[in-house]
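Undergrad: One structure, pasted below without further comment.
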Amino acid sequence: MAKAFFRLQKFLRRTQFLLFFLTAAYLMAGSLLLLQRTRLVIQQGSRGTPTNQALPMPDEMTRAGIIDPRTLQSPRPGPRLLVGMDALQEPALDQRHSPHWLVSRNSELRQLRRRWFHRLTSDQEPLQTAGFKAMKHTTEHKGTYVGCFTHDSRERTLKGAVFYDLRKMTVAHCQEACAERAYSYAGLAYGAECYCGNTLPAAASKPEECNSECKGEKGSVCGGVNRLSVYRVEELRAGARRRRNVIYRGCFRAPENKTDTFPASLIQPNLTVEMCSEFCSKKEFPLAVIQGQECYCGYPTGRFSLRDGADGLRCSSTHNASSAAEGKYCLVYQTPVQDTRCTDRKFLTTKSKVFVALSSFPGAGNTWARHLIEHATGYYTGSYYFDGALYNKGFKGEKDHWRSRRTICVKTHESGKTEIEMFDSAILLIRNPYKSLMAEFNRKYAGHLGYATDRNWKSKEWPDFVNSYASWWASHVLEWLKYGKRLLIVHYEDLKQSLIPKLKEMVEFLNVTVTEDRLLCVENNRDGNFKRSGAKQKNFEPFTQEMKDLINRYILTVDEALRGRNFSGLPREYVPR
C-alpha cells in the first residue's frame, strides 16, 4: 500500500512540474509575439511621412519649377495633396519644361497610383441544402419566382442584359434592372450575377441546386453554380422607372433587301413608335426600324451599319411612323434591349507570349478603353492595381494577378523605366490634359461616375492638384516614348470620334481578329456603364490663366517629343486656351 501511494505521489509531482513548464512556455511565447508585433507597428509608423509635412524636394526640381506629386505626398493610398511651393511662379522658362527635367522623376510617384486593396470580398461558400429551407423567395421581391434552371455561361438561356455586383447583389436589384430594360424575366447566378431575357430557360433543375446566398441580402437565394433563380418581372415593367427609354437614332437609307437584313418584322396599321419598340423588345433586338406601316427589328450590321445618317427632313422631323419618304428612308430607334453579340468575355486559354500594357495618365479614359477592348476581342483586360468598384462592374481581370498573362492587356498608370521595360509593347492612350485633370479630380472626389462638388473645385485642393499632376501628364508620355519598346499611340479624342477605325487599329495591335458585326455591337454599346451621372456644371472654367500657361507649355513639350519619334503630333484642340 505504501509503495503504491509513493508511486502516485511521484507521478503527481512530475505532472505538476510538467504543467508549470508548459504554462511558462506558453506565456513566454505570447509575450515575445506581442513584443514583435508592437515593434513592427512602431517601425511602420516611423516609415510613413506625416500628412501635414511635405517630403524634401531636390534643388534641381525646385529650380526647374516642376513639382512632382511624389515629393508632395505620402505613398499611402488616398493622401491629401500638400502645398509645397507655388509652381505657377517659376524662373528659367527654357529649362523647366524640357524633357530632361520632366523625365527625371523619383520613384515615389509610382507609389501614388498603386492603390492595392488587399481585403477583397470573400466568396461565400454555397449554402448547405439543410439551410436552404431558411431562405425563402419572399413576396417582398415583387416579381414572381418561377424556379431553378440550368445556366451555361457560354450558351446563356437568358440572352439579354448582364450585370454583376460582387458585393451588393439582391433579388430586387436584379428584378428592377431587368424590368427597366423591358425584359420579362430576371435570373440570378453565383450569388452575384444578374441576367435578363424574354424567353424562359428550357432546362429546369432541382430547387435545392439553387443554393447560393445573395451577396447583398442574407437569407435570399441568388442561383447557384451553373444554376439560375428565375423571376417573372412583367408585372413590374409598367411601373418601372426606365433607365433608358426608346432613343431616336436618326433617319437612314433603308437597305435594299429588308427581309434579309432584319430577322423580325411586323405590319401594323396606324403603327406607332411605342408599338414597334415593344414588339422588338419582346423579340430581344436592340433596334426598331420603322418605314410606313412596317416595323423591322435587328442589329447594326454591315448591310445596315448606321454610320451614314440622312437628312432628317427626308423622314420628317415629327418622327411619325407613316412619314418616311417614298420607301427609301427609315426611322431608327434604340430599344431598351442590350446588344449582346459582344458581351461574352473570358480569360486567355494559354498564356500570352506578348506582354501588352494599356498605359495612360489618370483620367485619360483607360477604363472606357478597357470596356471597348474587352467587348471587341472577347477577352478580359488586367490591371496593375485592384479596383473593387470595377471588379463589381464585371471587369473580372481586376482580381487576376497582373503578371498572369491571362488577359489581353494590362492597365497601368506607371511611368518608371523599370515598370515600362517589363512590357513587350503598349497602347499609349493620350487625352487633352485639361480634360484629363478634370476627369481625375472628379474621380478622386466622386468616384468613376460622379462629379466633384462646387466646394471641391473652389477649395485649395484644386490648384495644388493642377500644380502637381500637370507635370505628371507630360512626364508620363515622355517616359513611355523614351523606354517603351513598341508603341501604338491612340488619342482619346480620335477614338471617341472615329470609334471603329481606331478600335480596329487597337485590336490588330493586340493580334486579335474580330468580325465587323462584333465591332458594330461594340459601337452600339460604346458607353457601357461608364458615363458620369449627376449635376454637371455648365460653362464652368476651373483653370486660371496661370494654370493655362503652365499646361500649354507642357503640351508643346509633349507635341515636340511625339513628332521627334515620328508619331503624329497632338490634336490642335489640345492648345486652345
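Chain identifiers are assigned as A, B, and so on, following the order in which chains appear in the C-alpha cells; residues are numbered from 1 within each chain, and ligands are numbered from 1 in order of appearance.
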Excluding same-chain residues fewer than 6 positions from stretch 167-178 of chain A, what lies within 8 Å of it counting only C-alpha atoms, as a PyMOL selection string?
TA: chain A and resi 121+141-143+161+184-188+191-197+214-217+220-222+231+233+236+240+392
Undergrad: What are the closest atom pairs, with distances in Å to one decimal, for each residue of stretch 161-278 of chain A lying within 6 Å of stretch 335-343 of chain A, using only C-alpha atoms, rows by chain and rising residue number, as a tab-separated table?
TA:
```
residue	atom	partner	partner_atom	distance
A:Ala161	CA	A:Gln338	CA	5.5
A:Arg181	CA	A:Pro336	CA	4.8
A:Arg244	CA	A:Pro336	CA	5.7
A:Val246	CA	A:Thr335	CA	5.0
A:Ser277	CA	A:Thr335	CA	5.9
```
Undergrad: Suppose we keep N, CA and C atoms; can you now write the selection as a PDB file, in the first residue's frame?
TA:
```
ATOM      1  N   ALA A 161     -29.543  41.482 -71.141  1.00  0.00           N
ATOM      2  CA  ALA A 161     -28.505  42.230 -70.436  1.00  0.00           C
ATOM      3  C   ALA A 161     -27.894  41.416 -69.302  1.00  0.00           C
ATOM      4  N   ARG A 181     -35.350  47.637 -68.357  1.00  0.00           N
ATOM      5  CA  ARG A 181     -34.883  47.423 -69.728  1.00  0.00           C
ATOM      6  C   ARG A 181     -35.874  46.618 -70.549  1.00  0.00           C
ATOM      7  N   ARG A 244     -33.290  53.585 -69.545  1.00  0.00           N
ATOM      8  CA  ARG A 244     -33.081  54.017 -70.923  1.00  0.00           C
ATOM      9  C   ARG A 244     -34.400  53.897 -71.653  1.00  0.00           C
ATOM     10  N   VAL A 246     -36.799  54.613 -75.124  1.00  0.00           N
ATOM     11  CA  VAL A 246     -36.528  54.427 -76.543  1.00  0.00           C
ATOM     12  C   VAL A 246     -35.802  55.672 -77.052  1.00  0.00           C
ATOM     13  N   SER A 277     -41.341  49.514 -80.904  1.00  0.00           N
ATOM     14  CA  SER A 277     -40.328  49.295 -79.876  1.00  0.00           C
ATOM     15  C   SER A 277     -40.707  48.149 -78.955  1.00  0.00           C
TER      16      SER A 277
END
```
Undergrad: Listing only residues of stretch 372-490 of chain A within 9 Å of stretch 537-560 of chain A, what is the closest atom pair and its distance in Å (to one decimal) for each, using only C-alpha atoms, sorted by chain and residue number ascending, as CSV?
TA:
```
residue,atom,partner,partner_atom,distance
A:Asn432,CA,A:Ile555,CA,8.7
A:Pro433,CA,A:Ile551,CA,7.4
A:Tyr434,CA,A:Ile551,CA,7.9
A:Met438,CA,A:Pro542,CA,8.6
A:Tyr451,CA,A:Gln537,CA,8.8
A:Asp454,CA,A:Gln537,CA,8.3
A:Trp457,CA,A:Pro542,CA,7.0
A:Lys458,CA,A:Pro542,CA,8.3
A:Trp462,CA,A:Pro542,CA,8.5
A:Pro463,CA,A:Met547,CA,8.1
A:Val466,CA,A:Met547,CA,7.3
A:Asn467,CA,A:Met547,CA,7.8
A:Ala470,CA,A:Ile551,CA,6.3
A:Ser471,CA,A:Tyr554,CA,7.0
A:Trp473,CA,A:Tyr554,CA,8.2
A:Ala474,CA,A:Tyr554,CA,5.9
A:Ser475,CA,A:Val558,CA,8.5
A:Val477,CA,A:Val558,CA,7.1
A:Leu478,CA,A:Val558,CA,6.8
```
Undergrad: For the atom pair atom CA of A:Tyr296 and atom CA of A:Gln497, what is the interatomic distance in Å to one decimal place?
TA: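 Atom CA of A:Tyr296 sits 28.4 Å away from atom CA of A:Gln497.
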Undergrad: Using atom CA of A:Val356 and atom CA of A:Glu508 as the two end points, give the distance in Å to one decimal.
TA: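 Straight-line distance from atom CA of A:Val356 to atom CA of A:Glu508 works out to 12.6 Å.
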Undergrad: Need the shell around A:Ala204: protein/DNA/RNA residues with any atom at most 7 Å away, counting only C-alpha atoms. Skip same-chain ones fewer than 5 positions apart. Format as a VMD selection string?
TA: chain A and resid 148 to 150
Undergrad: Write out as a list in words which residues come within 6 Å of A:His491 when counting only C-alpha atoms, dropping same-chain ones fewer than 6 positions away.
TA: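 Final neighbour list, sorted by chain and number: Leu429, Ile430 and Arg431 of chain A.
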Undergrad: When distances are computed from only C-alpha atoms, which of A:Asp165, A:Glu440, A:Glu278, A:Glu516 shows the smallest separation from A:Tyr469?
TA: A:Glu440
Undergrad: Any idea what the distance is between atom CA of A:Leu488 and atom CA of A:Gly397?
TA: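 So the two atoms, atom CA of A:Leu488 and atom CA of A:Gly397, lie 22.1 Å apart.
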Undergrad: Dump as a Markdown table the rows for residues of stretch 143-259 of chain A within 8 Å of stretch 306-311 of chain A: closest atom pair and distance in Å with one decimal, only C-alpha atoms counted, ordered by chain and rising residue number.
TA:
```
| residue | atom | partner | partner_atom | distance |
| --- | --- | --- | --- | --- |
| A:Gly250 | CA | A:Gly309 | CA | 6.6 |
| A:Cys251 | CA | A:Ala310 | CA | 5.4 |
| A:Phe252 | CA | A:Gly309 | CA | 4.9 |
| A:Arg253 | CA | A:Ala310 | CA | 6.7 |
```
Undergrad: Emit the selected residues as a JSON list (two decimals), in the first residue's frame, including N, CA and C atoms.
TA:
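part27.json, written as the output of this step:
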```
[["chain", "number", "residue", "atom", "x", "y", "z"],
["A", 250, "GLY", "N", -31.97, 58.26, -85.58],
["A", 250, "GLY", "CA", -31.87, 59.11, -86.76],
["A", 250, "GLY", "C", -32.60, 58.55, -87.96],
["A", 251, "CYS", "N", -32.42, 59.26, -89.06],
["A", 251, "CYS", "CA", -33.02, 58.87, -90.35],
["A", 251, "CYS", "C", -31.92, 58.27, -91.21],
["A", 252, "PHE", "N", -32.17, 57.08, -91.75],
["A", 252, "PHE", "CA", -31.16, 56.37, -92.54],
["A", 252, "PHE", "C", -31.79, 55.82, -93.82],
["A", 253, "ARG", "N", -30.93, 55.64, -94.81],
["A", 253, "ARG", "CA", -31.41, 54.99, -96.04],
["A", 253, "ARG", "C", -31.71, 53.53, -95.75]]
```
Undergrad: Hey, which of A:Thr412, A:Tyr445, A:Gly223, A:Ile373 ends up closest to A:Glu505? Count only C-alpha atoms.
TA: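 Closest candidate: A:Ile373.
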Undergrad: Need the shell around stretch 262-272 of chain A: protein/DNA/RNA residues with any atom at most 8 Å away, counting only C-alpha atoms. Skip same-chain ones fewer than 4 positions apart. Format as a ChimeraX atom specification?
TA: /A:258,276,280,283,292-299,320-322
Undergrad: Can I get the selected residues back with N, CA and C atoms, as a PDB file, in the first residue's frame?
TA:
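After the write, part.pdb holds the following:
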```
ATOM      1  N   LYS A 258     -34.820  44.309 -97.105  1.00  0.00           N
ATOM      2  CA  LYS A 258     -35.100  44.430 -95.674  1.00  0.00           C
ATOM      3  C   LYS A 258     -35.360  43.070 -95.033  1.00  0.00           C
ATOM      4  N   CYS A 276     -43.826  49.513 -82.226  1.00  0.00           N
ATOM      5  CA  CYS A 276     -42.669  48.861 -82.848  1.00  0.00           C
ATOM      6  C   CYS A 276     -41.588  48.555 -81.804  1.00  0.00           C
ATOM      7  N   CYS A 280     -40.158  44.825 -80.831  1.00  0.00           N
ATOM      8  CA  CYS A 280     -38.747  44.464 -80.964  1.00  0.00           C
ATOM      9  C   CYS A 280     -38.111  44.133 -79.613  1.00  0.00           C
ATOM     10  N   LYS A 283     -38.829  40.641 -78.797  1.00  0.00           N
ATOM     11  CA  LYS A 283     -38.015  39.756 -79.631  1.00  0.00           C
ATOM     12  C   LYS A 283     -36.528  39.832 -79.280  1.00  0.00           C
ATOM     13  N   GLY A 292     -43.137  53.521 -92.819  1.00  0.00           N
ATOM     14  CA  GLY A 292     -44.575  53.478 -93.067  1.00  0.00           C
ATOM     15  C   GLY A 292     -45.289  52.668 -91.997  1.00  0.00           C
ATOM     16  N   GLN A 293     -46.018  51.664 -92.435  1.00  0.00           N
ATOM     17  CA  GLN A 293     -46.732  50.776 -91.517  1.00  0.00           C
ATOM     18  C   GLN A 293     -45.950  49.509 -91.211  1.00  0.00           C
ATOM     19  N   GLU A 294     -44.686  49.495 -91.596  1.00  0.00           N
ATOM     20  CA  GLU A 294     -43.849  48.321 -91.401  1.00  0.00           C
ATOM     21  C   GLU A 294     -42.850  48.559 -90.272  1.00  0.00           C
ATOM     22  N   CYS A 295     -42.701  47.560 -89.423  1.00  0.00           N
ATOM     23  CA  CYS A 295     -41.766  47.603 -88.304  1.00  0.00           C
ATOM     24  C   CYS A 295     -40.766  46.463 -88.472  1.00  0.00           C
ATOM     25  N   TYR A 296     -39.475  46.783 -88.377  1.00  0.00           N
ATOM     26  CA  TYR A 296     -38.427  45.780 -88.513  1.00  0.00           C
ATOM     27  C   TYR A 296     -37.544  45.811 -87.256  1.00  0.00           C
ATOM     28  N   CYS A 297     -37.034  44.651 -86.909  1.00  0.00           N
ATOM     29  CA  CYS A 297     -36.181  44.520 -85.719  1.00  0.00           C
ATOM     30  C   CYS A 297     -34.843  43.892 -86.115  1.00  0.00           C
ATOM     31  N   GLY A 298     -33.773  44.353 -85.482  1.00  0.00           N
ATOM     32  CA  GLY A 298     -32.492  43.750 -85.801  1.00  0.00           C
ATOM     33  C   GLY A 298     -31.345  44.401 -85.062  1.00  0.00           C
ATOM     34  N   TYR A 299     -30.143  44.219 -85.649  1.00  0.00           N
ATOM     35  CA  TYR A 299     -28.907  44.737 -85.086  1.00  0.00           C
ATOM     36  C   TYR A 299     -28.218  45.624 -86.127  1.00  0.00           C
ATOM     37  N   ASN A 320     -42.902  60.747 -87.150  1.00  0.00           N
ATOM     38  CA  ASN A 320     -44.143  59.991 -87.348  1.00  0.00           C
ATOM     39  C   ASN A 320     -43.842  58.750 -88.159  1.00  0.00           C
ATOM     40  N   ALA A 321     -44.414  57.632 -87.765  1.00  0.00           N
ATOM     41  CA  ALA A 321     -44.092  56.360 -88.407  1.00  0.00           C
ATOM     42  C   ALA A 321     -44.499  56.320 -89.867  1.00  0.00           C
ATOM     43  N   SER A 322     -45.487  57.103 -90.253  1.00  0.00           N
ATOM     44  CA  SER A 322     -46.014  56.999 -91.618  1.00  0.00           C
ATOM     45  C   SER A 322     -45.412  58.030 -92.561  1.00  0.00           C
TER      46      SER A 322
END
```
